[in-house]
Amino acid sequence: RALTCTSFVLLPWQTVWIVKEQFIDGVKWEYGTRMFYATEVFAWIAVFMFILWFSRGLARGKHIRLKFSADRVFILLCSVFLLYSFWLSFQALDSGLAFQWTFHALEALLIFFVLFLGPLTFKRAVAWFIAGSILPALLGIAQFLTQSSFDSVFLGISSHPAAEAG
């Protein structure tokens, strides 16, 4: 639960490691940039901890429902979508990029299941996300009011004064 809260607090920061940039006619292609978000580390650890928690509940017989229901159909359709995405990733021209986006879809679906089935309530997850959004929002408001930004290596911000052209 603590890792899930941590990933929601850090989600607004969006610290990214750019692995490979793609250019089309000399212009950066943002969709084609291979990147790794730092928050993904916490999200994947939270997903694996959820799987352990959920499997212990299955071993105790807590989560077993053997009837046909709408949530089972949803899980089946999501699984079919992910299998189809992985299959298409093998056939893509840039399979590394296709796998990156497929893993993002897989991660989003697993985080949905962590929120839907896990011990953390939706209201609490939203509260942690809002708590993590306060400092970036204050930085954005300060940049708007001063019409400039400061240099910070740790935040990945470079100086952009409004009076300077370009």
# chains A, B, ... in the order shown; residues from 1 in each chain; ligands from 1
>>> residues_around(residues="segment 16-18 of chain A", least_positions_apart="6", cutoff="8 Å", atoms="only C-alpha atoms", output="list in words")
Thr33, Arg34, Met35, Phe36, Tyr37 and Ala38 of chain A
>>> write_last_selection(atoms="N, CA, C and O atoms", output="mmCIF file, in the first residue's frame")
data_model
loop_
_atom_site.group_PDB
_atom_site.id
_atom_site.type_symbol
_atom_site.label_atom_id
_atom_site.label_comp_id
_atom_site.auth_asym_id
_atom_site.auth_seq_id
_atom_site.Cartn_x
_atom_site.Cartn_y
_atom_site.Cartn_z
ATOM 1 N N THR A 33 9.768 8.641 -29.246
ATOM 2 C CA THR A 33 10.886 8.715 -28.321
ATOM 3 C C THR A 33 10.793 7.572 -27.326
ATOM 4 O O THR A 33 9.758 7.367 -26.697
ATOM 5 N N ARG A 34 11.877 6.825 -27.208
ATOM 6 C CA ARG A 34 11.914 5.752 -26.212
ATOM 7 C C ARG A 34 12.336 6.351 -24.885
ATOM 8 O O ARG A 34 13.367 7.000 -24.777
ATOM 9 N N MET A 35 11.493 6.138 -23.870
ATOM 10 C CA MET A 35 11.744 6.757 -22.578
ATOM 11 C C MET A 35 11.331 5.820 -21.458
ATOM 12 O O MET A 35 10.576 4.878 -21.663
ATOM 13 N N PHE A 36 11.867 6.110 -20.285
ATOM 14 C CA PHE A 36 11.559 5.332 -19.089
ATOM 15 C C PHE A 36 11.260 6.306 -17.959
ATOM 16 O O PHE A 36 12.109 7.108 -17.594
ATOM 17 N N TYR A 37 10.047 6.252 -17.427
ATOM 18 C CA TYR A 37 9.644 7.143 -16.347
ATOM 19 C C TYR A 37 10.106 6.585 -15.008
ATOM 20 O O TYR A 37 10.002 5.384 -14.753
ATOM 21 N N ALA A 38 10.593 7.460 -14.141
ATOM 22 C CA ALA A 38 11.058 7.031 -12.810
ATOM 23 C C ALA A 38 9.897 6.501 -11.974
ATOM 24 O O ALA A 38 10.085 5.595 -11.155
#
>>> residues_around(residues="segment 104-117 of chain A", least_positions_apart="3", cutoff="10 Å", atoms="only C-alpha atoms", output="VMD selection string")
chain A and resid 1 4 36 40 43 to 44 46 to 51 54 63 75 78 to 79 81 to 83 85 to 86 98 to 101 120 to 122 125
>>> select_by_dssp(residues="chain A", states="strand (DSSP E)", output="NGL selection string")
:A and (16-20 or 23-24 or 27-28 or 34-37)
>>> residues_around(residues="His160 of chain A", least_positions_apart="3", cutoff="10 Å", atoms="only C-alpha atoms", output="number ranges by chain")
A: 143, 147-151, 157, 163-166
>>> select_by_dssp(residues="segment 19-127 of chain A", states="helix (DSSP H, G or I)", output="PyMOL selection string")
chain A and resi 30-32+39-59+70-91+95-117+122-127
>>> atom_distance(atom1="atom CA of Trp13 of chain A", atom2="atom CA of Arg124 of chain A")
18.9 Å
>>> closest_residue(among="A:Ser95, A:Leu88, A:Ala127, A:Leu139", to="Thr6 of chain A", atoms="only C-alpha atoms")
A:Ala127
>>> atom_distance(atom1="atom CA of Leu93 of chain A", atom2="atom CA of Gly32 of chain A")
11.8 Å
>>> closest_residue(among="A:Arg60, A:Thr39, A:Gly96, A:Arg72", to="Pro12 of chain A", atoms="only C-alpha atoms")
A:Thr39
>>> atom_distance(atom1="atom CA of Leu58 of chain A", atom2="atom CA of Phe8 of chain A")
26.2 Å
